[in-house]
Structures are given as C-alpha cells and as structure tokens.
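Okay, entry_35.pdb now, which holds PDB, C-alpha atoms:
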ATOM      1  CA  MET A   1       6.799 127.256-107.245
ATOM      2  CA  THR A   2       7.565 124.752-104.493
ATOM      3  CA  SER A   3       7.909 121.013-105.022
ATOM      4  CA  PHE A   4       7.059 118.461-102.356
ATOM      5  CA  LEU A   5       7.778 114.789-102.112
ATOM      6  CA  ILE A   6       4.942 113.295-100.088
ATOM      7  CA  SER A   7       4.856 109.805 -98.586
ATOM      8  CA  VAL A   8       1.646 108.199 -97.345
ATOM      9  CA  LEU A   9       0.985 105.017 -95.373
ATOM     10  CA  GLY A  10      -2.094 103.607 -93.697
ATOM     11  CA  ASP A  11      -4.993 101.204 -93.825
ATOM     12  CA  ASP A  12      -6.355 100.810 -97.333
ATOM     13  CA  LYS A  13      -9.896 102.024 -97.945
ATOM     14  CA  PRO A  14     -11.846 103.660-100.764
ATOM     15  CA  GLY A  15     -11.347 107.385-101.270
ATOM     16  CA  LEU A  16      -7.732 107.841-100.155
ATOM     17  CA  ILE A  17      -6.479 109.151-103.500
ATOM     18  CA  ASP A  18      -9.593 111.293-103.835
ATOM     19  CA  GLY A  19      -8.970 112.757-100.377
ATOM     20  CA  LEU A  20      -5.325 113.504-101.151
ATOM     21  CA  SER A  21      -6.172 115.069-104.511
ATOM     22  CA  LYS A  22      -8.860 117.303-102.957
ATOM     23  CA  ILE A  23      -6.322 118.759-100.501
ATOM     24  CA  ILE A  24      -3.767 119.262-103.266
ATOM     25  CA  VAL A  25      -6.228 120.957-105.637
ATOM     26  CA  ALA A  26      -7.632 123.150-102.824
ATOM     27  CA  ASN A  27      -4.120 124.588-102.488
ATOM     28  CA  ASN A  28      -3.651 125.019-106.269
ATOM     29  CA  GLY A  29      -1.243 122.094-106.278
ATOM     30  CA  ASP A  30      -0.361 120.056-109.324
ATOM     31  CA  TRP A  31      -0.059 116.244-108.879
ATOM     32  CA  ILE A  32       3.076 115.558-110.969
ATOM     33  CA  GLU A  33       4.169 111.979-110.421
ATOM     34  CA  SER A  34       3.258 109.132-108.098
ATOM     35  CA  ASN A  35       3.691 105.475-107.287
ATOM     36  CA  MET A  36       1.030 104.003-105.010
ATOM     37  CA  SER A  37       0.054 100.455-104.101
ATOM     38  CA  SER A  38      -2.024  98.377-101.759
ATOM     39  CA  PHE A  39      -0.213  95.589 -99.896
ATOM     40  CA  GLU A  40      -2.073  93.214 -97.602
ATOM     41  CA  GLY A  41      -4.658  95.754 -96.535
ATOM     42  CA  LYS A  42      -2.219  98.659 -96.273
ATOM     43  CA  PHE A  43      -1.953 101.584 -98.674
ATOM     44  CA  ALA A  44       1.479 103.046 -99.364
ATOM     45  CA  GLY A  45       2.571 105.694-101.780
ATOM     46  CA  ILE A  46       4.905 108.438-102.760
ATOM     47  CA  LEU A  47       4.045 111.423-104.911
ATOM     48  CA  LYS A  48       5.527 114.632-106.200
ATOM     49  CA  VAL A  49       3.423 117.786-106.070
ATOM     50  CA  ASN A  50       4.160 121.290-107.318
ATOM     51  CA  VAL A  51       2.368 124.111-105.534
ATOM     52  CA  PRO A  52       2.626 127.923-105.639
ATOM     53  CA  SER A  53       5.147 128.946-102.980
ATOM     54  CA  LYS A  54       2.534 131.050-101.162
ATOM     55  CA  ASN A  55       0.436 127.859-100.634
ATOM     56  CA  ALA A  56       3.268 125.492 -99.682
ATOM     57  CA  ALA A  57       3.024 125.773 -95.910
ATOM     58  CA  GLN A  58      -0.777 125.447 -95.959
ATOM     59  CA  LEU A  59      -0.659 122.378 -98.228
ATOM     60  CA  SER A  60       1.846 120.650 -95.975
ATOM     61  CA  LYS A  61      -0.184 121.507 -92.862
ATOM     62  CA  GLU A  62      -3.458 120.264 -94.366
ATOM     63  CA  LEU A  63      -1.948 117.016 -95.606
ATOM     64  CA  VAL A  64      -0.244 116.159 -92.319
ATOM     65  CA  SER A  65      -3.334 117.018 -90.236
ATOM     66  CA  SER A  66      -5.863 115.440 -92.602
ATOM     67  CA  SER A  67      -8.500 113.011 -91.377
ATOM     68  CA  LEU A  68      -7.692 110.451 -94.059
ATOM     69  CA  GLY A  69      -6.218 108.016 -91.537
ATOM     70  CA  LEU A  70      -2.830 108.096 -93.235
ATOM     71  CA  GLN A  71       0.617 108.818 -91.894
ATOM     72  CA  ILE A  72       1.754 111.602 -94.217
ATOM     73  CA  ALA A  73       5.196 113.170 -94.503
ATOM     74  CA  CYS A  74       5.971 116.154 -96.759
ATOM     75  CA  GLU A  75       9.501 117.091 -97.760
ATOM     76  CA  GLU A  76      10.324 120.080 -99.915
ATOM     77  CA  THR A  77      12.567 119.158-102.841
ATOM     78  CA  SER A  78      14.703 120.915-105.387
ATOM     79  CA  PRO A  79      15.768 119.631-108.790
ATOM     80  CA  LEU A  80      18.806 117.384-108.617
ATOM     81  CA  LYS A  81      21.366 117.732-111.369
ATOM     82  CA  GLN A  82      22.806 114.359-112.356
ATOM     83  CA  VAL A  83      26.238 114.912-113.903
ATOM     84  CA  ASN A  84      28.670 112.314-115.142
ATOM     85  CA  VAL A  85      26.194 109.457-114.683
ATOM     86  CA  LYS A  86      24.492 107.085-117.074
ATOM     87  CA  SER A  87      21.203 105.289-116.584
ATOM     88  CA  TYR A  88      21.358 101.523-116.434
ATOM     89  CA  ASN A  89      18.632  98.893-116.118
ATOM     90  CA  ILE A  90      18.875  95.496-114.468
ATOM     91  CA  GLU A  91      16.319  92.698-114.565
ATOM     92  CA  LEU A  92      16.887  89.812-112.176
ATOM     93  CA  ILE A  93      14.980  86.540-111.896
ATOM     94  CA  GLY A  94      15.750  83.398-109.967
ATOM     95  CA  GLN A  95      14.581  81.033-107.297
ATOM     96  CA  ASN A  96      13.523  83.011-104.250
ATOM     97  CA  HIS A  97      15.820  82.899-101.238
ATOM     98  CA  VAL A  98      16.771  85.170 -98.365
ATOM     99  CA  GLY A  99      19.361  87.868 -99.097
ATOM    100  CA  ILE A 100      19.030  88.480-102.835
ATOM    101  CA  ILE A 101      18.578  92.257-102.567
ATOM    102  CA  ASN A 102      21.171  92.483 -99.780
ATOM    103  CA  LYS A 103      23.866  90.773-101.866
ATOM    104  CA  LEU A 104      22.986  92.626-105.052
ATOM    105  CA  SER A 105      22.775  96.036-103.379
ATOM    106  CA  HIS A 106      26.177  95.476-101.758
ATOM    107  CA  VAL A 107      27.786  94.901-105.168
ATOM    108  CA  LEU A 108      25.938  97.836-106.692
ATOM    109  CA  ALA A 109      26.920 100.278-103.939
ATOM    110  CA  ASP A 110      30.423  99.116-103.059
ATOM    111  CA  ASP A 111      31.795  97.798-106.355
ATOM    112  CA  LEU A 112      29.948  99.947-108.893
ATOM    113  CA  GLN A 113      29.124 103.153-106.937
ATOM    114  CA  ALA A 114      25.560 102.831-108.248
ATOM    115  CA  ASN A 115      22.686 104.944-107.033
ATOM    116  CA  VAL A 116      19.332 103.155-107.239
ATOM    117  CA  GLU A 117      16.728 105.347-108.896
ATOM    118  CA  GLU A 118      13.919 102.787-108.888
ATOM    119  CA  LEU A 119      13.494  99.277-107.485
ATOM    120  CA  LYS A 120      10.491  97.028-108.119
ATOM    121  CA  THR A 121      10.397  93.484-106.754
ATOM    122  CA  GLU A 122       7.874  90.684-106.602
ATOM    123  CA  ILE A 123       7.537  86.976-105.990
ATOM    124  CA  ILE A 124       5.993  85.065-108.891
ATOM    125  CA  ASP A 125       5.164  81.420-109.492
ATOM    126  CA  ALA A 126       7.228  79.668-112.165
ATOM    127  CA  SER A 127       4.962  78.694-115.048
ATOM    128  CA  MET A 128       5.889  75.002-115.230
ATOM    129  CA  SER A 129       7.163  74.004-111.789
ATOM    130  CA  GLY A 130       5.123  76.349-109.634
ATOM    131  CA  GLU A 131       8.220  77.178-107.546
ATOM    132  CA  GLN A 132       8.526  80.717-106.247
ATOM    133  CA  LEU A 133      10.747  83.015-108.263
ATOM    134  CA  PHE A 134      12.090  86.374-107.156
ATOM    135  CA  LYS A 135      11.885  89.068-109.820
ATOM    136  CA  ALA A 136      13.455  92.526-109.633
ATOM    137  CA  GLN A 137      13.582  95.482-112.000
ATOM    138  CA  ILE A 138      16.145  98.105-111.081
ATOM    139  CA  THR A 139      17.030 101.431-112.646
ATOM    140  CA  LEU A 140      20.432 102.765-111.615
ATOM    141  CA  HIS A 141      22.679 105.728-112.112
ATOM    142  CA  LEU A 142      26.290 104.663-112.671
ATOM    143  CA  PRO A 143      29.373 106.837-113.109
ATOM    144  CA  VAL A 144      30.047 107.367-116.833
ATOM    145  CA  SER A 145      33.695 106.574-116.184
ATOM    146  CA  LEU A 146      32.819 103.007-115.163
ATOM    147  CA  ASP A 147      34.065 100.436-117.677
ATOM    148  CA  GLU A 148      31.266  98.447-119.335
ATOM    149  CA  ASN A 149      33.252  95.213-118.922
ATOM    150  CA  LEU A 150      33.596  95.789-115.169
ATOM    151  CA  ILE A 151      29.839  96.284-114.863
ATOM    152  CA  ARG A 152      29.136  93.088-116.801
ATOM    153  CA  ASP A 153      31.771  91.091-114.862
ATOM    154  CA  LYS A 154      30.469  92.173-111.440
ATOM    155  CA  LEU A 155      26.861  91.411-112.383
ATOM    156  CA  GLU A 156      27.774  88.007-113.860
ATOM    157  CA  LEU A 157      29.772  87.114-110.754
ATOM    158  CA  ILE A 158      26.923  87.946-108.374
ATOM    159  CA  ALA A 159      24.393  86.197-110.652
ATOM    160  CA  ASP A 160      26.463  83.002-110.573
ATOM    161  CA  GLU A 161      26.924  83.234-106.802
ATOM    162  CA  MET A 162      23.173  83.662-106.185
ATOM    163  CA  MET A 163      22.110  81.303-109.005
ATOM    164  CA  VAL A 164      19.891  83.901-110.670
ATOM    165  CA  GLU A 165      19.685  85.382-114.157
ATOM    166  CA  ILE A 166      20.611  89.049-114.497
ATOM    167  CA  TYR A 167      19.981  90.988-117.678
ATOM    168  CA  SER A 168      21.424  94.469-117.902
ATOM    169  CA  TYR A 169      21.457  97.255-120.429
ATOM    170  CA  GLU A 170      22.217 100.954-120.595
ATOM    171  CA  SER A 171      19.112 103.081-121.076
TER     172      SER A 171
END
Kindly transcribe the structure held in the file into structure tokens.
Amino acid sequence: MTSFLISVLGDDKPGLIDGLSKIIVANNGDWIESNMSSFEGKFAGILKVNVPSKNAAQLSKELVSSSLGLQIACEETSPLKQVNVKSYNIELIGQNHVGIINKLSHVLADDLQANVEELKTEIIDASMSGEQLFKAQITLHLPVSLDENLIRDKLELIADEMMVEIYSYES
C-alpha cells in the first residue's frame, strides 16, 4: 500500500471533488482524510489517499495530468512516529491586526520547540461592537519534557503583548 498527500488549487467550480474521487477510485484508491475549502472563487485542498502500490504511479500521473483545471501535487508519504511529544491546543481571539500569527509562531517555534499540526484562522465580527476579531485554533506537538509553567508563561506573555486572549490545554 502506498500513501499520497495530494494538494489541489484552482478556480472553484462544481464537480471538482467528484472529478478527484473518480480518478482515485479508478485506481483502487481509498480517500482517507481531507481538508478542502473555497476562498474567494478559488478551491484549495489537501487530502490523504491510500492506493495499492502497483497503482501508485498511475494514480499520480492521472491526477497531475487531469483536465479538472487544478494545480495538483502528489507526494508519497510514510507514517511518522511522534515520540516524546504531547498534543496541545491553543485558541486565540483578539482584535485583528497585522502580525498576530508571525509573533505567535515565533514564540511557538523558538521558545517552545512546537510543531504545528493544524492551524485554522478566520476573521469574525464581534457580536456587540462589530469590530473585526482574529480567531485562531492551533493544534501543536510539544516536547513532553517542556514544563507546563513555561508553556503557560510564554503564552500569557505573548497574549499580553498582542492584547489577545489565549486559551490553552493539553489534549
């Protein structure tokens, strides 16, 4: 069995997922996991597919040369063993301003040696004032050896500096 991570990007139109799934099924592939969205007329996504090894090259070739109008990249993957890490979740909300993710990611990478597993962000309107709020949900892998107080202190410091609320918890 071969696993592929496939990224897709192009103009949004009906039938894109159907077209992708037809190619995958035609090669006996199994659609395992995906995250796909439409943003301002563009369709973007990432998916994991398992396919019999004998069909792997053909699946990749058919996807990349498809007439779906998408830019498609296929990368073969292998299971990654996460050792000595713990999963951690962060929820951030505050008034939107330039640099929030840049400042937060710097602290996460440099001070906490965090690896971001998933990042979801959006701009929402505050319910009472109507001002724009930046909202982020982040799932991380942190070294198990990292002191819980250090994690909390670093997150509180950056939250105060950026004037945002950060909620964090180990998952």
Selection: 12 Å around His106 (chain A), only C-alpha atoms, excl. self and same-chain fewer than 6 positions, as a PyMOL selection string: chain A and resi 99-100+112-116+154-155+158
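Here CA of Leu133 (chain A) stands at a distance of 22.6 Å from CA of Arg152 (chain A).
Here CA of Ile46 (chain A) is placed at a distance of 28.2 Å from CA of Gln132 (chain A).
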Pairwise distance for CA of Ser7 (chain A) and CA of Asn89 (chain A), rounded to one decimal in Å: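 Between these atoms lies a distance of 24.8 Å.
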Carefully work through the PyMOL selection byres ((chain A and resi 123) around 8) for this structure and note down the residues it includes, as a list in words. Asn96, Thr121, Glu122, Ile124, Asp125, Gln132, Leu133, Phe134 and Lys135 of chain A
With distances taken over all atoms listed in the file, which of A:Ile24, A:Pro14, A:Asn35, A:Asn50 is nearest to Gly69 (chain A)?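 For Gly69 (chain A), the nearest of the candidates is A:Pro14.
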Just want the 10 Å neighbourhood of Lys120 (chain A), counted on only C-alpha atoms, with same-chain residues fewer than 5 positions away dropped. Output as an MDAnalysis selection string. chainID A and resid 91 135:139
With all atoms listed in the file as the counted atoms, please give the residues lying no more than 7 Å from region 18-23 of chain A, apart from itself and same-chain residues fewer than 5 positions off, as number ranges by chain. A: 62-63, 68
Quick one: apply the PyMOL selection byres ((chain A and resi 72) around 8) to the file and drop the selected residues here as a list in words.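 On this input, the PyMOL selection byres ((chain A and resi 72) around 8) captures Ile6, Ser7, Val8, Leu9, Leu63, Val64, Leu70, Gln71, Ala73 and Cys74 of chain A.
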Output of the PyMOL selection byres ((chain A and resi 43) around 6), listed as a VMD selection string: chain A and resid 9 to 12 37 to 38 42 44
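If you measure from each of A:Pro143, A:Ser127, A:Asn102, A:Tyr88 to Ser168 (chain A) using all atoms listed in the file, the closest one turns out to be A:Tyr88.
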I need every residue sitting at most 8 Å from the point (24.3, 109.5, -114.8) (coordinates as in the file, all atoms listed in the file considered), written as a tab-separated table (two decimals) with C-alpha atoms, keeping the file's coordinate frame.
chain	number	residue	atom	x	y	z
A	82	GLN	CA	22.81	114.36	-112.36
A	83	VAL	CA	26.24	114.91	-113.90
A	84	ASN	CA	28.67	112.31	-115.14
A	85	VAL	CA	26.19	109.46	-114.68
A	86	LYS	CA	24.49	107.08	-117.07
A	87	SER	CA	21.20	105.29	-116.58
A	141	HIS	CA	22.68	105.73	-112.11
A	142	LEU	CA	26.29	104.66	-112.67
A	143	PRO	CA	29.37	106.84	-113.11
A	144	VAL	CA	30.05	107.37	-116.83
Residue nearest Ser60 (chain A) among A:Ala109, A:Gly29, A:Leu80, A:Ser34 (counting only C-alpha atoms):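 Between A:Ala109, A:Gly29, A:Leu80, A:Ser34, the residue approaching Ser60 (chain A) most closely is A:Gly29.
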As AutoDock Vina command-line options, what would the box around region 76-93 of chain A look like: edges along x, y and z, 5 Å added on every side, centre and edge lengths in Å to one decimal?
--center_x 19.5 --center_y 103.7 --center_z -108.5 --size_x 28.3 --size_y 44.4 --size_z 27.2
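Of the residues under consideration (A:Glu156, A:Glu40, A:Glu165, A:Glu170), A:Glu170 shows the shortest atom-to-atom contact distance to Leu140 (chain A) when counting all atoms listed in the file.
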Write out as a list in words the residues lying within 7 Å of Thr77 (chain A), counting all atoms listed in the file and excluding same-chain residues fewer than 5 positions away.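 Residues near the query, excluding close chain neighbours: Ser3, Phe4 and Leu5 of chain A.
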How about saving the chosen residues, C-alpha atoms kept, as a PDB file, keeping the file's coordinate frame?
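File part09.pdb, as written:
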ATOM      1  CA  SER A   3       7.909 121.013-105.022  1.00  0.00           C
ATOM      2  CA  PHE A   4       7.059 118.461-102.356  1.00  0.00           C
ATOM      3  CA  LEU A   5       7.778 114.789-102.112  1.00  0.00           C
TER       4      LEU A   5
END
